[in-house]
Amino acid sequence: MSTKTDTNTHAPVVESRDQLIAYFAAGEKPAERWRIGTEHEKFVYWKTPDHRAPSYEEPGGIHALLIGLTQFGWKPVYEGDNIIALSGPDGAISLEPAGQFELSGAPLENLHQTCAETGRHLQQVKEVGDKLGIGFLGLGMWHDKTRAELPIMPKGRYGIMLRHMPRVGSMGLDMMLRTCTIQVNLDYASEADMVKKFRVGLALQPLATALFANSPFTEGKPNGFLSYRSHIWSDTDPARTGMLPFVFEEGFGYERYTEYALDVPMYFVYRDGKYIDAAGLSFRDFLKGELSVLPGELPTIDDWADHLSTAFPEVRMKQFLEMRGADGGRWGRICALPALWVGLLYDRQALDAAWDLVKDWDIAGRQTLRDSVPRLALDAPLPGGGTLRDIAGQVLDISAAGLNARARLNASGDNESGFLDPLREIVRTGKVPAQMLLDRFNGEWGGDISRVYEEAKF
């Protein structure tokens, strides 16, 4: 989730809906300026027998972890008196609500740079964590923690969201406190380019969910799902989640997404370093100067950017597109997720081939696929027959062709397609990460859930 570093003081005031639409158009970039922004979260735990999640304040806890990372050139970002994030040349480090540690990477030109950035970050957090007695896990959901066992980070927006979530869904607090993800942010050249990428991204997001499914346990026991993290989104807040069927309708573009975003209820407004609770209020009222918590005041363009970050569909648009369907995982999968989507979306022939694969899927079929994939992963049913397993290899081949065509080489002369190898291994074995964890839990681990800490640690 976003971390604020300004007060909106100098941002342009929004006086018309056209400015909101223009915000998306301003994200257009020619292909030579397309970049890759990778985000990944991980769970933090004490290396003690109880593997407790550290709080912000306690000695050696999350605050100390943030301070420790400043030795590598990271600069503190404050909210009030609290350091709640870090900024640096590798992007930003931020805290999710229960202390999940996130790197929002810098916009990079190729996947070799992306994986090197990931490696630097993991080396740094492990070095500091080892001194503090802290470890890190690559999973989609806490496998053994209740909500009550988890700390809350001192960020104003989280207090607002924690109060609001139970009003609109049964699992919003689980989403905030007990999940981790890997995401990639990608550019578009034009409105038409955005539309095709958005459609391909939405249609194939369940395949990413399946390949990265890594959350089969809840509170120490199998939960009946392979991606429980994905299931959680099904009852978090229907007004701001989902598969966005309108994206596939004729005429979809910046204006239609603007209308959708205007209908997403607000969470907050950020003023003078503080979050004002606007949960459930309408941005349309704000646009008319009729927001009850700021009567007579019009939004700024930064308020619009903040608001866009509070919608949580499977693919989200800001001034780029975010692919949001994957569970958290370890290093190789962090590199594999952007490889999958860069290969599919950043080469024209690959994008066309991916669209040909999904363009005839109907709305009901896409929704059934999305609803089935948390439990079934690669066995989820495709629109028109068959399962995800039937197309997984083909999609990886399309992505690999796109990466080969990009021809971005490292110093050894390797292109980017090798980053797909962890996904190819999943297709070869037929088992997603969650299934491998369950096999060990039911087999050699003898039901000992604590073995996950050794298996999934960074």
# chains A, B, ... in the order shown; residues from 1 in each chain; ligands from 1
>>> closest_atom_pairs(of="range 170-273 of chain A", to="range 291-314 of chain A", cutoff="9 Å", atoms="only C-alpha atoms", output="JSON lines")
{"residue": "A:Gly201", "atom": "CA", "partner": "A:Glu314", "partner_atom": "CA", "distance": 8.5}
{"residue": "A:Leu202", "atom": "CA", "partner": "A:Glu314", "partner_atom": "CA", "distance": 6.5}
{"residue": "A:Gln205", "atom": "CA", "partner": "A:Glu314", "partner_atom": "CA", "distance": 6.9}
{"residue": "A:Pro206", "atom": "CA", "partner": "A:Glu314", "partner_atom": "CA", "distance": 8.9}
{"residue": "A:Trp233", "atom": "CA", "partner": "A:Phe312", "partner_atom": "CA", "distance": 8.6}
{"residue": "A:Asp237", "atom": "CA", "partner": "A:Phe312", "partner_atom": "CA", "distance": 8.8}
{"residue": "A:Ala239", "atom": "CA", "partner": "A:Ala311", "partner_atom": "CA", "distance": 8.3}
{"residue": "A:Arg240", "atom": "CA", "partner": "A:Ala311", "partner_atom": "CA", "distance": 4.8}
{"residue": "A:Thr241", "atom": "CA", "partner": "A:Pro313", "partner_atom": "CA", "distance": 4.1}
{"residue": "A:Gly242", "atom": "CA", "partner": "A:Pro313", "partner_atom": "CA", "distance": 4.8}
{"residue": "A:Met243", "atom": "CA", "partner": "A:Glu314", "partner_atom": "CA", "distance": 5.9}
{"residue": "A:Leu244", "atom": "CA", "partner": "A:Pro313", "partner_atom": "CA", "distance": 7.1}
{"residue": "A:Ala261", "atom": "CA", "partner": "A:Leu308", "partner_atom": "CA", "distance": 6.6}
{"residue": "A:Leu262", "atom": "CA", "partner": "A:His307", "partner_atom": "CA", "distance": 8.8}
{"residue": "A:Val264", "atom": "CA", "partner": "A:Ala311", "partner_atom": "CA", "distance": 6.7}
{"residue": "A:Pro265", "atom": "CA", "partner": "A:Ala311", "partner_atom": "CA", "distance": 8.7}
{"residue": "A:Met266", "atom": "CA", "partner": "A:His307", "partner_atom": "CA", "distance": 6.6}
{"residue": "A:Tyr267", "atom": "CA", "partner": "A:Thr310", "partner_atom": "CA", "distance": 7.2}
{"residue": "A:Phe268", "atom": "CA", "partner": "A:His307", "partner_atom": "CA", "distance": 8.0}
{"residue": "A:Val269", "atom": "CA", "partner": "A:Asp303", "partner_atom": "CA", "distance": 6.7}
{"residue": "A:Tyr270", "atom": "CA", "partner": "A:Asp303", "partner_atom": "CA", "distance": 7.4}
>>> write_last_selection(atoms="C-alpha atoms", output="PDB file, in the first residue's frame")
ATOM      1  CA  GLY A 201      -3.964  -8.911 -17.657  1.00  0.00           C
ATOM      2  CA  LEU A 202      -7.434  -9.429 -16.219  1.00  0.00           C
ATOM      3  CA  GLN A 205      -4.655 -13.002 -13.791  1.00  0.00           C
ATOM      4  CA  PRO A 206      -6.132 -16.297 -12.513  1.00  0.00           C
ATOM      5  CA  TRP A 233     -10.249 -10.806  -1.778  1.00  0.00           C
ATOM      6  CA  ASP A 237     -15.004  -5.070  -0.129  1.00  0.00           C
ATOM      7  CA  ALA A 239     -17.134  -1.993  -4.132  1.00  0.00           C
ATOM      8  CA  ARG A 240     -13.373  -1.912  -4.751  1.00  0.00           C
ATOM      9  CA  THR A 241     -12.339  -5.452  -5.788  1.00  0.00           C
ATOM     10  CA  GLY A 242     -12.989  -7.955  -8.557  1.00  0.00           C
ATOM     11  CA  MET A 243     -12.538  -8.755 -12.234  1.00  0.00           C
ATOM     12  CA  LEU A 244     -14.072  -5.523 -13.643  1.00  0.00           C
ATOM     13  CA  ALA A 261     -12.946   4.918  -9.686  1.00  0.00           C
ATOM     14  CA  LEU A 262     -15.372   7.741  -8.869  1.00  0.00           C
ATOM     15  CA  VAL A 264     -15.276   3.462  -5.358  1.00  0.00           C
ATOM     16  CA  PRO A 265     -16.034   4.745  -1.838  1.00  0.00           C
ATOM     17  CA  MET A 266     -13.314   6.866  -0.282  1.00  0.00           C
ATOM     18  CA  TYR A 267     -11.126   5.940   2.672  1.00  0.00           C
ATOM     19  CA  PHE A 268      -9.383   9.199   3.589  1.00  0.00           C
ATOM     20  CA  VAL A 269      -8.076  12.622   2.606  1.00  0.00           C
ATOM     21  CA  TYR A 270      -4.484  13.540   3.457  1.00  0.00           C
TER      22      TYR A 270
END
>>> closest_atom_pairs(of="range 106-181 of chain A", to="range 80-92 of chain A", cutoff="8 Å", atoms="only C-alpha atoms", output="Markdown table")
| residue | atom | partner | partner_atom | distance |
| --- | --- | --- | --- | --- |
| A:Ala106 | CA | A:Gly91 | CA | 4.3 |
| A:Pro107 | CA | A:Gly91 | CA | 7.9 |
| A:Glu117 | CA | A:Asp90 | CA | 6.6 |
| A:Pro154 | CA | A:Asn82 | CA | 7.3 |
| A:Lys155 | CA | A:Ile84 | CA | 7.0 |
>>> write_last_selection(atoms="N, CA and C atoms", output="PDB file, in the first residue's frame")
ATOM      1  N   ALA A 106      12.367   0.367  -7.823  1.00  0.00           N
ATOM      2  CA  ALA A 106      12.496   1.476  -8.764  1.00  0.00           C
ATOM      3  C   ALA A 106      12.040   1.032 -10.154  1.00  0.00           C
ATOM      4  N   PRO A 107      11.621   1.983 -11.007  1.00  0.00           N
ATOM      5  CA  PRO A 107      11.284   1.636 -12.398  1.00  0.00           C
ATOM      6  C   PRO A 107      12.555   1.312 -13.177  1.00  0.00           C
ATOM      7  N   GLU A 117      18.113  -5.985  -8.122  1.00  0.00           N
ATOM      8  CA  GLU A 117      17.525  -5.128  -7.087  1.00  0.00           C
ATOM      9  C   GLU A 117      16.936  -5.976  -5.959  1.00  0.00           C
ATOM     10  N   PRO A 154       2.070   2.003  13.058  1.00  0.00           N
ATOM     11  CA  PRO A 154       1.552   3.345  13.352  1.00  0.00           C
ATOM     12  C   PRO A 154       1.406   4.216  12.109  1.00  0.00           C
ATOM     13  N   LYS A 155       0.523   3.822  11.200  1.00  0.00           N
ATOM     14  CA  LYS A 155       0.246   4.603   9.994  1.00  0.00           C
ATOM     15  C   LYS A 155      -1.219   5.006  10.023  1.00  0.00           C
TER      16      LYS A 155
END
>>> atom_distance(atom1="CA of Leu344 in chain A", atom2="CA of Asp193 in chain A")
12.8 Å
>>> closest_atom_pairs(of="range 16-114 of chain A", to="range 178-186 of chain A", cutoff="10 Å", atoms="only C-alpha atoms", output="CSV")
residue,atom,partner,partner_atom,distance
A:Trp34,CA,A:Leu186,CA,7.2
A:Arg35,CA,A:Leu186,CA,6.4
A:Ile36,CA,A:Leu186,CA,5.6
A:Gly37,CA,A:Asn185,CA,4.8
A:Thr38,CA,A:Val184,CA,4.4
A:Glu39,CA,A:Gln183,CA,5.0
A:His40,CA,A:Ile182,CA,4.4
A:Glu41,CA,A:Cys180,CA,5.2
A:Lys42,CA,A:Cys180,CA,6.1
A:Phe43,CA,A:Cys180,CA,7.2
A:Glu96,CA,A:Cys180,CA,8.8
A:Pro97,CA,A:Arg178,CA,9.0
A:Ala98,CA,A:Arg178,CA,7.5
A:Gly99,CA,A:Arg178,CA,9.8
A:Gln100,CA,A:Cys180,CA,7.2
A:Phe101,CA,A:Cys180,CA,8.9
A:Glu102,CA,A:Cys180,CA,8.8
A:Leu103,CA,A:Ile182,CA,9.8
A:Ser104,CA,A:Gln183,CA,9.1
A:Gly105,CA,A:Val184,CA,9.3
A:Pro107,CA,A:Asn185,CA,8.5
>>> write_last_selection(atoms="N, CA and C atoms", output="compact mmCIF listing (two decimals), in the first residue's frame")
# COMPACT_ATOMS: atom_id res chain seq x y z
N TRP A 34 9.29 2.44 -21.55
CA TRP A 34 8.58 1.51 -20.68
C TRP A 34 9.54 0.96 -19.63
N ARG A 35 9.05 0.86 -18.42
CA ARG A 35 9.86 0.38 -17.31
C ARG A 35 9.13 -0.74 -16.57
N ILE A 36 9.84 -1.37 -15.65
CA ILE A 36 9.33 -2.49 -14.85
C ILE A 36 9.46 -2.10 -13.39
N GLY A 37 8.35 -2.06 -12.67
CA GLY A 37 8.38 -1.77 -11.24
C GLY A 37 7.84 -2.96 -10.47
N THR A 38 8.67 -3.59 -9.68
CA THR A 38 8.29 -4.81 -8.97
C THR A 38 8.13 -4.54 -7.48
N GLU A 39 7.03 -5.02 -6.92
CA GLU A 39 6.76 -4.88 -5.49
C GLU A 39 6.65 -6.27 -4.87
N HIS A 40 7.26 -6.44 -3.72
CA HIS A 40 7.13 -7.73 -3.03
C HIS A 40 7.14 -7.53 -1.52
N GLU A 41 6.26 -8.29 -0.88
CA GLU A 41 6.09 -8.22 0.57
C GLU A 41 6.57 -9.53 1.19
N LYS A 42 6.99 -9.44 2.44
CA LYS A 42 7.40 -10.63 3.17
C LYS A 42 7.01 -10.48 4.63
N PHE A 43 6.75 -11.60 5.28
CA PHE A 43 6.43 -11.61 6.69
C PHE A 43 7.70 -11.52 7.52
N GLU A 96 3.38 -2.78 5.64
CA GLU A 96 1.98 -3.15 5.56
C GLU A 96 1.40 -3.14 6.99
N PRO A 97 0.08 -3.27 7.12
CA PRO A 97 -0.56 -2.99 8.41
C PRO A 97 -0.02 -3.76 9.61
N ALA A 98 0.37 -5.03 9.45
CA ALA A 98 0.86 -5.82 10.58
C ALA A 98 2.37 -5.98 10.55
N GLY A 99 3.05 -5.11 9.83
CA GLY A 99 4.49 -5.16 9.79
C GLY A 99 5.07 -5.95 8.64
N GLN A 100 4.22 -6.42 7.70
CA GLN A 100 4.77 -7.04 6.49
C GLN A 100 5.68 -6.02 5.82
N PHE A 101 6.84 -6.48 5.39
CA PHE A 101 7.89 -5.59 4.90
C PHE A 101 7.87 -5.59 3.39
N GLU A 102 7.72 -4.43 2.78
CA GLU A 102 7.55 -4.34 1.33
C GLU A 102 8.65 -3.52 0.69
N LEU A 103 9.20 -4.03 -0.40
CA LEU A 103 10.02 -3.23 -1.30
C LEU A 103 9.19 -2.88 -2.51
N SER A 104 9.00 -1.59 -2.76
CA SER A 104 8.42 -1.11 -4.01
C SER A 104 9.58 -0.65 -4.87
N GLY A 105 10.01 -1.50 -5.78
CA GLY A 105 11.24 -1.27 -6.50
C GLY A 105 11.19 -0.09 -7.44
N PRO A 107 11.62 1.98 -11.01
CA PRO A 107 11.28 1.64 -12.40
C PRO A 107 12.55 1.31 -13.18
>>> closest_atom_pairs(of="range 211-262 of chain A", to="range 15-25 of chain A", cutoff="7 Å", atoms="only C-alpha atoms", output="JSON lines")
{"residue": "A:Tyr254", "atom": "CA", "partner": "A:Ile21", "partner_atom": "CA", "distance": 5.8}
{"residue": "A:Glu255", "atom": "CA", "partner": "A:Ile21", "partner_atom": "CA", "distance": 5.7}
{"residue": "A:Thr258", "atom": "CA", "partner": "A:Ile21", "partner_atom": "CA", "distance": 6.1}
>>> residues_around(residues="range 383-398 of chain A", least_positions_apart="5", cutoff="9 Å", atoms="only C-alpha atoms", output="VMD selection string")
chain A and resid 204 206 to 207 210 to 211 340 343 to 344 349 to 351 353 to 354 357 to 358 360 to 366 368 to 369 373 377 to 378 403 420 423 to 424 427 to 428 430
>>> residues_around(residues="Val125 in chain A", least_positions_apart="5", cutoff="12 Å", atoms="only C-alpha atoms", output="MDAnalysis selection string")
chainID A and resid 42:44 62 64:72 74 93 101:103 118:120 130:137 458
>>> select_by_dssp(residues="range 23-209 of chain A", states="helix (DSSP H, G or I)", output="number ranges by chain")
A: 23-25, 31-33, 62-72, 111-132, 147-149, 156-168, 172-178, 191-209
>>> write_last_selection(atoms="C-alpha atoms", output="PDB file, in the first residue's frame")
ATOM      1  CA  TYR A  23      -4.381  11.911 -15.345  1.00  0.00           C
ATOM      2  CA  PHE A  24      -4.409   8.465 -16.979  1.00  0.00           C
ATOM      3  CA  ALA A  25      -3.464   9.824 -20.401  1.00  0.00           C
ATOM      4  CA  ALA A  31       7.966   1.820 -25.821  1.00  0.00           C
ATOM      5  CA  GLU A  32      11.578   2.880 -25.332  1.00  0.00           C
ATOM      6  CA  ARG A  33      10.549   4.476 -22.016  1.00  0.00           C
ATOM      7  CA  ILE A  62      10.225  -3.123  13.162  1.00  0.00           C
ATOM      8  CA  HIS A  63      11.455   0.383  14.009  1.00  0.00           C
ATOM      9  CA  ALA A  64      14.922  -0.997  14.714  1.00  0.00           C
ATOM     10  CA  LEU A  65      14.822  -2.893  11.428  1.00  0.00           C
ATOM     11  CA  LEU A  66      14.080   0.322   9.548  1.00  0.00           C
ATOM     12  CA  ILE A  67      16.848   2.172  11.368  1.00  0.00           C
ATOM     13  CA  GLY A  68      19.272  -0.653  10.659  1.00  0.00           C
ATOM     14  CA  LEU A  69      18.675  -0.381   6.918  1.00  0.00           C
ATOM     15  CA  THR A  70      19.761   3.271   6.852  1.00  0.00           C
ATOM     16  CA  GLN A  71      23.369   2.009   6.883  1.00  0.00           C
ATOM     17  CA  PHE A  72      22.803   1.088   3.225  1.00  0.00           C
ATOM     18  CA  LEU A 111      14.504  -8.019 -15.630  1.00  0.00           C
ATOM     19  CA  HIS A 112      18.203  -8.524 -14.944  1.00  0.00           C
ATOM     20  CA  GLN A 113      18.116  -5.211 -13.099  1.00  0.00           C
ATOM     21  CA  THR A 114      14.895  -6.218 -11.351  1.00  0.00           C
ATOM     22  CA  CYS A 115      16.343  -9.454 -10.010  1.00  0.00           C
ATOM     23  CA  ALA A 116      19.582  -7.714  -8.978  1.00  0.00           C
ATOM     24  CA  GLU A 117      17.525  -5.128  -7.087  1.00  0.00           C
ATOM     25  CA  THR A 118      15.632  -7.933  -5.338  1.00  0.00           C
ATOM     26  CA  GLY A 119      18.910  -9.590  -4.417  1.00  0.00           C
ATOM     27  CA  ARG A 120      20.353  -6.382  -2.942  1.00  0.00           C
ATOM     28  CA  HIS A 121      17.232  -5.803  -0.885  1.00  0.00           C
ATOM     29  CA  LEU A 122      17.098  -9.340   0.472  1.00  0.00           C
ATOM     30  CA  GLN A 123      20.795  -9.284   1.334  1.00  0.00           C
ATOM     31  CA  GLN A 124      20.332  -6.027   3.223  1.00  0.00           C
ATOM     32  CA  VAL A 125      17.263  -7.051   5.228  1.00  0.00           C
ATOM     33  CA  LYS A 126      18.819 -10.416   6.070  1.00  0.00           C
ATOM     34  CA  GLU A 127      22.028  -8.739   7.275  1.00  0.00           C
ATOM     35  CA  VAL A 128      20.124  -6.396   9.577  1.00  0.00           C
ATOM     36  CA  GLY A 129      17.642  -9.095  10.550  1.00  0.00           C
ATOM     37  CA  ASP A 130      20.404 -11.500  11.555  1.00  0.00           C
ATOM     38  CA  LYS A 131      21.790  -8.924  13.984  1.00  0.00           C
ATOM     39  CA  LEU A 132      18.350  -8.355  15.499  1.00  0.00           C
ATOM     40  CA  ARG A 147      -5.407 -11.688  13.742  1.00  0.00           C
ATOM     41  CA  ALA A 148      -5.175 -11.034  17.485  1.00  0.00           C
ATOM     42  CA  GLU A 149      -1.541 -12.178  17.586  1.00  0.00           C
ATOM     43  CA  GLY A 156      -2.827   6.830   9.978  1.00  0.00           C
ATOM     44  CA  ARG A 157      -4.495   5.324   6.922  1.00  0.00           C
ATOM     45  CA  TYR A 158      -4.380   1.871   8.486  1.00  0.00           C
ATOM     46  CA  GLY A 159      -6.402   2.976  11.487  1.00  0.00           C
ATOM     47  CA  ILE A 160      -9.113   4.246   9.145  1.00  0.00           C
ATOM     48  CA  MET A 161      -9.079   1.056   7.085  1.00  0.00           C
ATOM     49  CA  LEU A 162      -9.098  -1.242  10.118  1.00  0.00           C
ATOM     50  CA  ARG A 163     -12.242   0.484  11.374  1.00  0.00           C
ATOM     51  CA  HIS A 164     -13.935   0.444   7.969  1.00  0.00           C
ATOM     52  CA  MET A 165     -13.123  -3.060   6.706  1.00  0.00           C
ATOM     53  CA  PRO A 166     -15.538  -4.993   8.974  1.00  0.00           C
ATOM     54  CA  ARG A 167     -18.406  -2.807   7.723  1.00  0.00           C
ATOM     55  CA  VAL A 168     -18.050  -4.002   4.131  1.00  0.00           C
ATOM     56  CA  GLY A 172     -10.787  -7.333   4.951  1.00  0.00           C
ATOM     57  CA  LEU A 173      -8.848  -7.529   8.193  1.00  0.00           C
ATOM     58  CA  ASP A 174      -7.253 -10.778   7.018  1.00  0.00           C
ATOM     59  CA  MET A 175      -6.221  -9.037   3.815  1.00  0.00           C
ATOM     60  CA  MET A 176      -4.587  -6.230   5.765  1.00  0.00           C
ATOM     61  CA  LEU A 177      -2.967  -8.229   8.543  1.00  0.00           C
ATOM     62  CA  ARG A 178      -2.258 -11.713   7.239  1.00  0.00           C
ATOM     63  CA  GLU A 191      -5.256   4.340 -24.601  1.00  0.00           C
ATOM     64  CA  ALA A 192      -5.645   1.468 -27.067  1.00  0.00           C
ATOM     65  CA  ASP A 193      -2.461  -0.168 -25.777  1.00  0.00           C
ATOM     66  CA  MET A 194      -3.696   0.215 -22.204  1.00  0.00           C
ATOM     67  CA  VAL A 195      -7.014  -1.412 -23.081  1.00  0.00           C
ATOM     68  CA  LYS A 196      -5.459  -4.517 -24.646  1.00  0.00           C
ATOM     69  CA  LYS A 197      -2.951  -4.917 -21.796  1.00  0.00           C
ATOM     70  CA  PHE A 198      -5.688  -4.414 -19.206  1.00  0.00           C
ATOM     71  CA  ARG A 199      -7.879  -7.060 -20.853  1.00  0.00           C
ATOM     72  CA  VAL A 200      -5.088  -9.618 -21.215  1.00  0.00           C
ATOM     73  CA  GLY A 201      -3.964  -8.911 -17.657  1.00  0.00           C
ATOM     74  CA  LEU A 202      -7.434  -9.429 -16.219  1.00  0.00           C
ATOM     75  CA  ALA A 203      -8.213 -12.532 -18.257  1.00  0.00           C
ATOM     76  CA  LEU A 204      -4.929 -14.256 -17.370  1.00  0.00           C
ATOM     77  CA  GLN A 205      -4.655 -13.002 -13.791  1.00  0.00           C
ATOM     78  CA  PRO A 206      -6.132 -16.297 -12.513  1.00  0.00           C
ATOM     79  CA  LEU A 207      -3.222 -18.121 -14.158  1.00  0.00           C
ATOM     80  CA  ALA A 208      -0.779 -15.961 -12.202  1.00  0.00           C
ATOM     81  CA  THR A 209      -2.791 -16.701  -9.055  1.00  0.00           C
TER      82      THR A 209
END
>>> select_by_dssp(residues="range 154-363 of chain A", states="strand (DSSP E)", output="VMD selection string")
chain A and resid 181 to 186 217 to 218 221 to 222 241 to 242 268 to 271 274 to 277 312 to 313 315 to 317 321 to 327
>>> write_last_selection(atoms="C-alpha atoms", output="tab-separated table (two decimals), in the first residue's frame")
chain	number	residue	atom	x	y	z
A	181	THR	CA	1.88	-10.48	-2.46
A	182	ILE	CA	4.21	-9.96	-5.39
A	183	GLN	CA	3.12	-7.35	-7.96
A	184	VAL	CA	4.52	-5.78	-11.10
A	185	ASN	CA	3.74	-2.34	-12.51
A	186	LEU	CA	3.93	-1.87	-16.27
A	217	PHE	CA	-2.61	-22.92	5.81
A	218	THR	CA	-4.63	-20.86	8.29
A	221	LYS	CA	-3.95	-26.17	9.63
A	222	PRO	CA	-4.73	-26.73	5.95
A	241	THR	CA	-12.34	-5.45	-5.79
A	242	GLY	CA	-12.99	-7.96	-8.56
A	268	PHE	CA	-9.38	9.20	3.59
A	269	VAL	CA	-8.08	12.62	2.61
A	270	TYR	CA	-4.48	13.54	3.46
A	271	ARG	CA	-3.91	17.06	4.76
A	274	LYS	CA	-2.55	13.70	8.75
A	275	TYR	CA	-5.23	11.37	7.43
A	276	ILE	CA	-8.81	12.61	7.65
A	277	ASP	CA	-11.35	9.79	7.90
A	312	PHE	CA	-8.14	-3.20	-5.25
A	313	PRO	CA	-9.23	-4.96	-8.47
A	315	VAL	CA	-5.59	-5.35	-12.29
A	316	ARG	CA	-5.42	-1.70	-11.23
A	317	MET	CA	-4.69	1.42	-13.25
A	321	LEU	CA	-1.06	-1.00	-14.83
A	322	GLU	CA	-0.57	-3.15	-11.73
A	323	MET	CA	-0.79	-6.95	-11.93
A	324	ARG	CA	-2.15	-7.93	-8.50
A	325	GLY	CA	-3.03	-11.65	-8.53
A	326	ALA	CA	0.05	-13.40	-7.09
A	327	ASP	CA	0.80	-14.71	-3.61
>>> atom_distance(atom1="CA of Arg408 in chain A", atom2="CA of Arg348 in chain A")
15.7 Å
